[in-house]
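So this one's final-v4.tsv, TSV, C-alpha atoms:
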chain	number	residue	atom	x	y	z
O	14	MET	CA	97.58	65.30	116.43
O	15	THR	CA	99.75	62.24	116.04
O	16	GLY	CA	99.31	58.74	114.78
O	17	SER	CA	97.37	59.40	111.57
O	18	GLY	CA	100.08	60.81	109.33
O	19	MET	CA	98.19	64.10	109.19
O	20	SER	CA	98.93	67.45	110.78
O	21	TYR	CA	96.43	69.85	112.25
O	22	ASP	CA	95.37	72.39	109.67
O	23	PRO	CA	95.15	75.94	111.08
O	24	ARG	CA	93.47	77.30	107.96
O	25	PRO	CA	89.82	78.42	107.91
O	26	PRO	CA	87.34	75.55	107.45
O	27	LYS	CA	86.52	76.55	103.87
O	28	ASP	CA	90.16	76.09	102.87
O	29	ARG	CA	90.63	72.67	104.50
O	30	THR	CA	90.00	69.14	103.34
O	31	ALA	CA	88.13	66.75	105.61
O	32	SER	CA	89.97	63.75	107.02
O	33	GLY	CA	89.09	60.34	105.66
O	34	ALA	CA	88.20	59.17	102.20
O	35	ASP	CA	84.91	61.02	101.96
O	36	ALA	CA	85.47	64.77	102.08
O	37	SER	CA	81.78	65.33	102.72
O	38	GLU	CA	81.89	63.60	106.10
O	39	LYS	CA	81.74	65.74	109.16
O	40	GLY	CA	84.53	65.78	111.67
O	41	ARG	CA	87.89	67.33	112.35
O	42	ARG	CA	89.55	68.67	109.23
O	43	TYR	CA	93.15	68.09	108.28
O	44	ARG	CA	95.52	68.99	105.50
O	45	ASP	CA	97.31	66.35	103.52
O	46	PRO	CA	101.00	67.15	104.01
O	47	VAL	CA	101.80	65.74	100.57
O	48	GLY	CA	99.06	66.88	98.25
O	49	GLY	CA	97.17	69.42	100.30
O	50	SER	CA	98.90	72.61	99.22
O	51	PHE	CA	96.64	75.60	99.05
O	52	ASN	CA	95.95	77.09	95.65
O	53	GLY	CA	93.78	80.05	96.53
O	54	GLY	CA	92.43	82.24	93.77
O	55	GLY	CA	91.06	85.65	94.50
O	56	GLY	CA	90.69	86.86	90.92
O	57	LEU	CA	92.47	89.76	89.28
O	58	MET	CA	91.90	92.18	92.15
O	59	GLY	CA	93.17	89.58	94.61
O	60	ARG	CA	96.41	89.31	92.65
O	61	ILE	CA	96.78	93.06	92.21
O	62	THR	CA	96.18	93.95	95.86
O	63	GLY	CA	98.15	90.98	97.18
O	64	ARG	CA	95.17	89.58	99.09
O	65	ALA	CA	95.34	86.23	97.29
O	66	GLU	CA	99.06	85.98	97.94
O	67	ALA	CA	98.49	86.81	101.61
O	68	ASP	CA	95.86	84.06	101.88
O	69	ARG	CA	98.18	81.53	100.27
O	70	ALA	CA	101.06	82.55	102.52
O	71	LYS	CA	98.82	82.25	105.57
O	72	ALA	CA	97.77	78.75	104.56
O	73	ARG	CA	101.37	77.67	103.89
O	74	ARG	CA	103.03	79.37	106.82
O	75	TYR	CA	103.80	76.06	108.54
O	76	GLU	CA	105.12	74.31	105.44
O	77	PRO	CA	108.83	74.22	104.52
O	78	TYR	CA	109.71	76.86	101.96
O	79	HIS	CA	112.56	78.30	99.93
O	80	TYR	CA	113.36	81.88	98.98
O	81	GLU	CA	110.45	83.49	97.12
O	82	SER	CA	111.11	86.43	94.84
O	83	ASN	CA	109.01	89.55	95.34
O	84	GLY	CA	109.25	90.56	91.68
O	85	THR	CA	105.58	90.28	90.70
O	86	GLN	CA	104.22	91.79	93.90
O	87	LEU	CA	106.81	94.55	93.66
O	88	ARG	CA	105.70	95.59	90.18
O	89	TRP	CA	102.04	95.83	91.19
O	90	THR	CA	102.87	97.68	94.39
O	91	VAL	CA	105.10	100.19	92.62
O	92	LEU	CA	102.36	100.77	90.05
O	93	LEU	CA	99.81	101.43	92.79
O	94	LEU	CA	102.18	103.72	94.67
O	95	LEU	CA	102.88	105.68	91.49
O	96	LEU	CA	99.14	106.05	90.97
O	97	TRP	CA	98.80	107.11	94.61
O	98	THR	CA	101.51	109.74	94.12
O	99	PHE	CA	99.86	111.04	90.95
O	100	VAL	CA	96.44	111.37	92.60
O	101	ALA	CA	97.99	113.05	95.66
O	102	LEU	CA	99.72	115.64	93.46
O	103	TRP	CA	96.52	116.15	91.49
O	104	LEU	CA	94.70	116.71	94.77
O	105	ALA	CA	97.36	119.23	95.80
O	106	TYR	CA	96.76	121.09	92.54
O	107	ALA	CA	92.99	121.03	93.11
O	108	ASP	CA	93.38	122.42	96.63
O	109	ARG	CA	95.75	125.06	95.30
O	110	VAL	CA	93.11	126.11	92.74
O	111	THR	CA	90.50	126.32	95.52
O	112	ALA	CA	92.82	128.48	97.61
O	113	SER	CA	93.44	130.74	94.61
O	114	THR	CA	89.69	131.05	94.04
O	115	LEU	CA	89.17	132.14	97.63
O	116	MET	CA	92.02	134.64	97.43
O	117	ASP	CA	90.48	136.06	94.25
O	118	LEU	CA	87.10	136.38	95.96
O	119	LYS	CA	88.74	138.13	98.89
O	120	GLU	CA	90.29	140.67	96.53
O	121	GLN	CA	86.83	141.27	95.05
O	122	GLY	CA	85.55	142.21	98.50
O	123	TYR	CA	83.93	139.00	99.71
O	124	VAL	CA	84.34	138.43	103.44
O	125	SER	CA	83.27	134.77	103.70
O	126	ALA	CA	83.59	131.56	101.75
O	127	PRO	CA	80.62	130.58	99.55
O	128	PRO	CA	78.56	127.52	100.51
O	129	THR	CA	79.39	124.23	98.82
O	130	ILE	CA	75.71	123.23	98.61
O	131	LEU	CA	73.20	125.35	96.72
O	132	SER	CA	69.96	125.82	98.67
O	133	PRO	CA	67.74	128.74	99.72
O	134	ASN	CA	69.02	128.61	103.31
O	135	THR	CA	72.72	128.49	102.42
O	136	MET	CA	72.38	131.27	99.84
O	137	ARG	CA	70.35	133.40	102.25
O	138	GLU	CA	73.08	133.03	104.89
O	139	PHE	CA	75.80	133.73	102.33
O	140	GLY	CA	73.98	136.83	101.14
O	141	GLU	CA	73.51	138.06	104.69
O	142	ARG	CA	77.23	137.72	105.37
O	143	GLU	CA	77.96	139.72	102.23
O	144	GLY	CA	75.17	142.26	102.82
O	145	ILE	CA	73.12	141.13	99.81
O	146	THR	CA	69.53	139.82	99.84
O	147	CYS	CA	69.04	137.14	97.19
O	148	VAL	CA	66.19	135.04	98.61
O	149	ASP	CA	62.76	136.40	99.45
O	150	LYS	CA	60.42	135.27	102.21
O	151	ASP	CA	58.98	132.53	99.98
O	152	ASP	CA	62.46	131.02	99.38
O	153	ARG	CA	62.54	132.30	95.82
O	154	PHE	CA	65.78	133.57	94.33
O	155	ILE	CA	65.93	137.24	93.36
O	156	ALA	CA	67.59	137.82	89.98
O	157	THR	CA	69.38	141.09	90.70
O	158	PRO	CA	72.87	141.66	89.20
O	159	GLU	CA	74.45	141.29	92.63
O	160	CYS	CA	72.59	138.05	93.25
O	161	VAL	CA	73.48	136.65	89.84
O	162	GLN	CA	77.13	137.32	90.64
O	163	LEU	CA	76.67	135.70	94.04
O	164	PHE	CA	75.33	132.53	92.42
O	165	ALA	CA	78.21	132.51	89.93
O	166	VAL	CA	80.68	132.73	92.80
O	167	GLN	CA	78.96	129.86	94.58
O	168	ALA	CA	78.99	127.70	91.45
O	169	ARG	CA	82.70	128.33	90.91
O	170	TYR	CA	83.59	127.45	94.49
O	171	GLU	CA	81.36	124.37	94.51
O	172	SER	CA	83.03	123.11	91.34
O	173	ASP	CA	86.49	123.49	92.86
O	174	LYS	CA	85.49	121.78	96.10
O	175	SER	CA	83.75	118.91	94.30
O	176	ARG	CA	86.86	118.18	92.27
O	177	GLY	CA	88.91	117.98	95.45
O	178	SER	CA	86.34	115.75	97.15
O	179	TYR	CA	86.31	113.25	94.28
O	180	LEU	CA	90.10	113.11	94.24
O	181	PHE	CA	90.21	112.56	98.00
O	182	ILE	CA	87.76	109.66	97.71
O	183	ALA	CA	89.94	108.16	94.97
O	184	LEU	CA	92.96	108.55	97.24
O	185	VAL	CA	91.21	106.72	100.09
O	186	VAL	CA	90.27	103.84	97.77
O	187	LEU	CA	93.86	103.68	96.54
O	188	LEU	CA	95.05	103.64	100.14
O	189	MET	CA	93.03	100.51	100.91
O	190	VAL	CA	94.16	98.71	97.76
O	191	THR	CA	97.79	99.73	98.17
O	192	ALA	CA	97.77	98.64	101.81
O	193	PHE	CA	97.10	95.03	100.76
O	194	ALA	CA	99.79	95.15	98.07
O	195	PHE	CA	102.36	96.74	100.37
O	196	GLY	CA	101.50	94.23	103.09
O	197	SER	CA	102.04	91.36	100.65
O	198	VAL	CA	105.51	92.66	99.76
O	199	SER	CA	106.37	93.15	103.43
O	200	HIS	CA	105.14	89.67	104.36
O	201	ARG	CA	107.17	87.90	101.70
O	202	ALA	CA	110.26	90.02	102.37
O	203	SER	CA	110.03	89.06	106.03
O	204	ARG	CA	109.75	85.36	105.14
O	205	ASN	CA	112.85	85.68	103.01
O	206	ILE	CA	115.03	86.71	105.94
O	207	LEU	CA	115.36	83.13	107.17
O	208	ALA	CA	115.55	81.86	103.59
O	209	THR	CA	118.74	83.87	103.02
O	210	ASN	CA	120.77	82.02	105.66
O	211	ASN	CA	119.78	84.01	108.75
O	212	ARG	CA	118.28	83.08	112.08
O	213	GLU	CA	116.92	84.69	115.27
O	214	GLN	CA	114.38	86.80	113.44
O	215	ARG	CA	112.52	89.08	115.83
O	216	PHE	CA	109.42	90.00	113.81
O	217	SER	CA	107.46	87.19	112.19
O	218	PRO	CA	106.01	87.74	108.69
O	219	GLU	CA	102.54	88.11	110.19
O	220	LYS	CA	103.70	90.74	112.68
O	221	SER	CA	105.57	92.63	109.97
O	222	VAL	CA	102.15	93.40	108.49
O	223	MET	CA	100.14	93.52	111.71
O	224	TRP	CA	102.10	96.39	113.24
O	225	PHE	CA	100.93	98.76	110.48
O	226	PHE	CA	97.36	98.54	111.77
O	227	ILE	CA	97.84	98.89	115.53
O	228	PRO	CA	97.32	102.52	116.64
O	229	VAL	CA	100.25	104.32	118.26
O	230	MET	CA	102.50	101.29	117.80
O	231	ASN	CA	102.32	101.74	114.03
O	232	LEU	CA	104.33	104.93	114.40
O	233	VAL	CA	107.47	103.02	115.43
O	234	LYS	CA	107.09	99.29	114.81
O	235	PRO	CA	107.01	99.43	110.97
O	236	TRP	CA	110.31	101.29	111.08
O	237	GLN	CA	111.79	98.57	113.30
O	238	VAL	CA	110.38	95.85	111.04
O	239	PHE	CA	111.97	97.31	107.93
O	240	LYS	CA	115.26	97.90	109.68
O	241	GLU	CA	115.33	94.21	110.53
O	242	MET	CA	114.45	93.22	106.97
O	243	PHE	CA	117.18	95.42	105.52
O	244	ARG	CA	119.77	94.10	107.95
O	245	GLY	CA	118.80	90.52	107.19
O	246	SER	CA	118.91	91.21	103.45
O	247	ASP	CA	122.30	92.89	103.40
O	248	PRO	CA	124.39	90.95	100.85
O	249	GLU	CA	127.57	92.22	102.47
O	250	SER	CA	126.89	90.64	105.86
O	251	SER	CA	128.44	87.27	106.65
O	252	ILE	CA	126.75	84.12	105.40
O	253	ASP	CA	128.76	81.91	107.75
O	254	GLU	CA	127.61	83.50	111.00
O	255	GLN	CA	123.84	83.31	110.82
O	256	SER	CA	123.28	85.82	113.62
O	257	SER	CA	125.83	88.44	112.58
O	258	TRP	CA	123.29	90.26	110.42
O	259	LYS	CA	121.57	91.62	113.53
O	260	THR	CA	124.58	93.80	114.35
O	261	LYS	CA	126.53	94.01	111.09
O	262	GLY	CA	123.70	94.41	108.59
O	263	SER	CA	123.35	97.95	107.26
O	264	VAL	CA	120.22	100.08	106.93
O	265	PRO	CA	120.14	102.76	104.18
O	266	ALA	CA	119.12	106.32	104.98
O	267	ILE	CA	115.96	106.08	102.87
O	268	VAL	CA	114.42	103.75	105.48
O	269	HIS	CA	114.79	106.39	108.20
O	270	ILE	CA	113.52	109.12	105.87
O	271	TRP	CA	110.49	107.03	104.95
O	272	ALA	CA	109.77	106.35	108.64
O	273	LEU	CA	110.03	110.06	109.46
O	274	ILE	CA	107.67	111.02	106.64
O	275	TRP	CA	105.30	108.27	107.81
O	276	ILE	CA	105.09	109.87	111.27
O	277	VAL	CA	104.70	113.39	109.86
O	278	VAL	CA	101.85	112.25	107.60
O	279	PHE	CA	100.09	110.70	110.57
O	280	ALA	CA	100.10	114.07	112.31
O	281	PHE	CA	99.58	116.29	109.27
O	282	ASN	CA	97.25	114.97	106.57
O	283	PRO	CA	94.05	116.17	104.85
O	284	ILE	CA	91.92	114.76	107.67
O	285	THR	CA	93.86	116.29	110.57
O	286	VAL	CA	94.08	119.63	108.77
O	287	GLY	CA	90.30	119.89	108.71
O	288	ARG	CA	89.66	118.41	112.15
O	289	ILE	CA	92.63	119.57	114.22
O	290	TRP	CA	94.91	122.17	112.66
O	291	ASN	CA	92.11	124.25	111.11
O	292	ALA	CA	89.02	122.97	112.87
O	293	VAL	CA	87.79	126.53	113.50
O	294	ARG	CA	87.33	128.64	110.36
O	295	LYS	CA	85.64	131.90	111.27
O	296	ASN	CA	86.48	134.06	108.27
O	297	MET	CA	87.85	134.00	104.75
O	298	ASP	CA	91.47	134.09	105.91
O	299	ASP	CA	90.96	130.95	108.00
O	300	VAL	CA	89.47	129.08	105.04
O	301	ILE	CA	92.31	130.17	102.75
O	302	LEU	CA	94.88	129.06	105.32
O	303	ALA	CA	93.16	125.68	105.64
O	304	HIS	CA	93.38	125.07	101.88
O	305	GLN	CA	96.99	126.17	101.78
O	306	ARG	CA	97.78	123.65	104.49
O	307	LEU	CA	95.85	121.03	102.55
O	308	VAL	CA	98.24	121.58	99.66
O	309	ILE	CA	101.18	120.83	101.95
O	310	ALA	CA	99.45	117.75	103.36
O	311	ASP	CA	98.74	116.44	99.84
O	312	ILE	CA	102.35	116.92	98.80
O	313	LEU	CA	103.48	115.02	101.89
O	314	LEU	CA	101.27	112.10	100.82
O	315	ALA	CA	102.97	112.11	97.43
O	316	VAL	CA	106.42	112.21	99.06
O	317	LEU	CA	105.40	109.28	101.26
O	318	GLY	CA	104.46	107.29	98.16
O	319	ILE	CA	107.78	108.04	96.45
O	320	SER	CA	109.80	107.15	99.55
O	321	ALA	CA	107.86	103.89	99.94
O	322	ILE	CA	108.73	102.98	96.35
O	323	LEU	CA	112.41	103.61	96.99
O	324	VAL	CA	112.31	101.51	100.16
O	325	ILE	CA	110.69	98.39	98.69
O	326	VAL	CA	112.74	98.55	95.48
O	327	GLU	CA	115.99	98.77	97.45
O	328	LEU	CA	114.86	95.96	99.75
O	329	HIS	CA	114.05	93.74	96.76
O	330	LYS	CA	117.46	94.41	95.22
O	331	ARG	CA	119.18	93.47	98.46
O	332	GLN	CA	117.25	90.26	98.88
O	333	GLU	CA	117.88	89.19	95.29
O	334	ALA	CA	121.60	89.88	95.68
O	335	ARG	CA	121.83	87.99	98.96
O	336	HIS	CA	119.85	85.06	97.59
O	337	SER	CA	122.19	84.76	94.62
O	338	LYS	CA	125.06	84.73	97.11
O	339	VAL	CA	123.75	82.09	99.54
O	340	GLY	CA	121.71	79.97	97.11
O	341	ASP	CA	118.53	78.04	97.89
O	342	ILE	CA	117.97	77.25	101.56
O	343	LEU	CA	115.06	75.23	102.89
O	344	VAL	CA	113.35	76.84	105.88
O	345	THR	CA	111.23	74.64	108.12
O	346	PRO	CA	108.93	76.71	110.35
O	347	PRO	CA	108.04	75.37	113.79
O	348	PRO	CA	105.07	72.98	113.66
O	349	PRO	CA	101.61	74.42	114.29
O	350	VAL	CA	100.09	74.21	117.72
O	351	ASP	CA	96.90	72.17	117.86
O	352	PRO	CA	94.66	74.08	120.29
O	353	LEU	CA	92.74	70.91	121.21
O	354	GLU	CA	95.93	69.02	121.95
O	355	GLU	CA	97.26	71.91	124.00
O	356	ALA	CA	93.99	72.09	125.92
O	357	LEU	CA	94.18	68.36	126.67
O	358	LYS	CA	97.77	68.69	127.86
O	359	GLU	CA	96.82	71.61	130.08
O	360	GLY	CA	93.91	69.62	131.50
O	361	ILE	CA	96.15	66.65	132.23
O	362	ARG	CA	98.73	68.90	133.85
O	363	ARG	CA	96.13	70.49	136.12
O	364	LYS	CA	94.67	67.10	137.01
O	365	GLU	CA	98.09	65.79	137.99
O	366	LEU	CA	98.71	68.88	140.08
O	367	GLU	CA	95.38	68.49	141.86
O	368	THR	CA	96.14	64.81	142.52
O	369	LYS	CA	99.51	65.65	144.04
O	370	GLN	CA	97.95	68.30	146.24
O	371	ALA	CA	95.24	65.88	147.40
O	372	ARG	CA	97.81	63.21	148.25
O	373	SER	CA	99.87	65.76	150.12
O	374	LYS	CA	96.88	66.75	152.24
O	375	ARG	CA	96.02	63.12	153.03
O	376	SER	CA	99.58	62.35	154.10
O	377	ARG	CA	99.81	65.21	156.62
O	378	PRO	CA	97.61	63.66	159.39
O	379	ASP	CA	99.51	60.38	159.15
O	380	ASN	CA	102.78	62.19	159.68
O	381	LYS	CA	101.42	63.94	162.78
O	382	SER	CA	100.09	60.69	164.25
O	383	LYS	CA	103.45	59.00	163.73
O	384	LYS	CA	105.17	61.78	165.63
O	385	LYS	CA	102.84	61.26	168.64
O	386	PHE	CA	103.76	57.60	168.88

Please rewrite the model in this file as structure tokens.
Amino acid sequence: MTGSGMSYDPRPPKDRTASGADASEKGRRYRDPVGGSFNGGGGLMGRITGRAEADRAKARRYEPYHYESNGTQLRWTVLLLLLWTFVALWLAYADRVTASTLMDLKEQGYVSAPPTILSPNTMREFGEREGITCVDKDDRFIATPECVQLFAVQARYESDKSRGSYLFIALVVLLMVTAFAFGSVSHRASRNILATNNREQRFSPEKSVMWFFIPVMNLVKPWQVFKEMFRGSDPESSIDEQSSWKTKGSVPAIVHIWALIWIVVFAFNPITVGRIWNAVRKNMDDVILAHQRLVIADILLAVLGISAILVIVELHKRQEARHSKVGDILVTPPPPVDPLEEALKEGIRRKELETKQARSKRSRPDNKSKKKF
């Protein structure tokens, strides 16, 4: 709105300051353009994951800004990606051990995989598949040598599977944490395109993160986003022609490799192996094949983590080099759109249109009567 020296604040209500002297008064909330900068916290986890940085960037997205180095966010993101890679390789080893256990059991003459949960029903079914009776009619275990061996086999397999399950849960948790950190790096890198003497940016900082979470589109759009960021960060492109980077900026091969691995992982990962590629496991060979494919899927996750590290490190180097070349540039984003003001303008526009139409209808009979005379 105009006339008060304030600008409409698009931030959530909890992050705004109320207009007027008394902040406790109710009413429309505004941000002081001089002293109202947002200093969001978020704690240690907020800083590690990049969530706090994302909140601050969101609150300041309409304020003028200079180039902002990605150094701190980059270090945390690389650390998380290294941890992701380590856990993925550990998971690959665990799945390889499970596959070896099953192959060993097959050589011993077992025709089916042991159950992962110990109960009378599961052991009865396992024994029936192997031709051994280990549970009586009263659901009591029978301590014959064959049954004791059967229980030992089940315990060994359950231990291997449990290790893999715990590692997979850890990998999922790391995925969520790393997603925030990687998004923070991507957001700031996208903001820096205009701050390094470029213009006509296609993907906004918000969209550079958003496209990762939209199904189907996230197979292609992140690749396009990073191609744009690399072109805009190329220190060799001209700093005099602000639009030349779109055609003359270079994109290293690692970006295309990372994008290809990203697509492959979407199609072939531990979840799709169990639900698509090996959804039907009728015998021991099918279960062994499923675990062997899990090993490949886990290794692909590790390769994805390594390629992501190479991409963001190279992008950071480019942006630092270009910034040192062009110096500090002040970027002024377009002013925020006040939804209330836009609604009022739209209402006025419609009212004027209705008035013109009404006047036009009233003038038509007069014109006809004049023609008769």

Which residues are close to Glu138 (chain O), i.e. within 12 Å by all atoms listed in the file, leaving aside same-chain residues fewer than 2 positions away? Reply as a list in words.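 After dropping sequence-adjacent residues, the list is Ser125, Ala126, Pro127, Pro128, Ile130, Leu131, Ser132, Pro133, Asn134, Thr135, Met136, Gly140, Glu141, Arg142, Glu143, Gly144, Ile145, Thr146, Cys147, Val148 and Leu163 of chain O.
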
Kindly indicate which residue among O:Val110, O:Leu180, O:Met297, O:Met242 lies nearest to Arg212 (chain O), using only C-alpha atoms for the distances.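 Using only C-alpha atoms, Arg212 (chain O) sits closest to O:Met242.
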
Residue nearest Ala194 (chain O) among O:Val316, O:Leu328, O:Leu92, O:Val300 (counting all atoms listed in the file): O:Leu92

With only C-alpha atoms as the counted atoms, please give the residues lying no more than 7 Å from region 82-89 of chain O, apart from itself and same-chain residues fewer than 2 positions off, as a PyMOL selection string. chain O and resi 61+63+80+91-93+194+198+201+329

Go ahead and compute the interatomic distance for CA of Ser199 (chain O) and CA of Glu254 (chain O), in Å to one decimal.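 Result for CA of Ser199 (chain O) versus CA of Glu254 (chain O): 24.5 Å, one decimal.
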
For region 121-140 of chain O, supply N, CA and C atoms and format the output as a short mmCIF file (atom, residue, chain, number, x, y, z; two decimals), keeping the file's coordinate frame.
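Produced file result03.cif, reproduced below:
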data_model
loop_
_atom_site.label_atom_id
_atom_site.label_comp_id
_atom_site.auth_asym_id
_atom_site.auth_seq_id
_atom_site.Cartn_x
_atom_site.Cartn_y
_atom_site.Cartn_z
N GLN O 121 88.04 140.65 95.59
CA GLN O 121 86.83 141.27 95.05
C GLN O 121 85.95 141.86 96.15
N GLY O 122 86.30 141.62 97.40
CA GLY O 122 85.55 142.21 98.50
C GLY O 122 84.69 141.25 99.29
N TYR O 123 84.72 139.98 98.95
CA TYR O 123 83.93 139.00 99.71
C TYR O 123 84.62 138.72 101.04
N VAL O 124 83.79 138.60 102.09
CA VAL O 124 84.34 138.43 103.44
C VAL O 124 84.18 137.01 103.97
N SER O 125 83.49 136.14 103.24
CA SER O 125 83.27 134.77 103.70
C SER O 125 83.31 133.83 102.51
N ALA O 126 83.54 132.56 102.81
CA ALA O 126 83.59 131.56 101.75
C ALA O 126 82.18 131.19 101.31
N PRO O 127 81.95 130.97 100.02
CA PRO O 127 80.62 130.58 99.55
C PRO O 127 80.25 129.19 100.06
N PRO O 128 78.98 128.87 100.10
CA PRO O 128 78.56 127.52 100.51
C PRO O 128 78.88 126.51 99.41
N THR O 129 79.12 125.28 99.81
CA THR O 129 79.39 124.23 98.82
C THR O 129 78.12 123.56 98.33
N ILE O 130 77.00 123.81 99.01
CA ILE O 130 75.71 123.23 98.61
C ILE O 130 74.75 124.37 98.30
N LEU O 131 74.13 124.31 97.14
CA LEU O 131 73.20 125.35 96.72
C LEU O 131 71.81 125.05 97.26
N SER O 132 71.32 125.94 98.12
CA SER O 132 69.96 125.82 98.67
C SER O 132 69.52 127.21 99.11
N PRO O 133 68.21 127.41 99.28
CA PRO O 133 67.74 128.74 99.72
C PRO O 133 68.37 129.17 101.05
N ASN O 134 68.48 128.24 101.99
CA ASN O 134 69.02 128.61 103.31
C ASN O 134 70.49 128.99 103.22
N THR O 135 71.29 128.19 102.50
CA THR O 135 72.72 128.49 102.42
C THR O 135 72.97 129.79 101.66
N MET O 136 72.18 130.04 100.60
CA MET O 136 72.38 131.27 99.84
C MET O 136 71.88 132.48 100.62
N ARG O 137 70.83 132.29 101.42
CA ARG O 137 70.35 133.40 102.25
C ARG O 137 71.43 133.78 103.27
N GLU O 138 72.03 132.76 103.91
CA GLU O 138 73.08 133.03 104.89
C GLU O 138 74.31 133.66 104.23
N PHE O 139 74.66 133.16 103.05
CA PHE O 139 75.80 133.73 102.33
C PHE O 139 75.54 135.18 101.96
N GLY O 140 74.33 135.45 101.49
CA GLY O 140 73.98 136.83 101.14
C GLY O 140 73.99 137.74 102.34
#
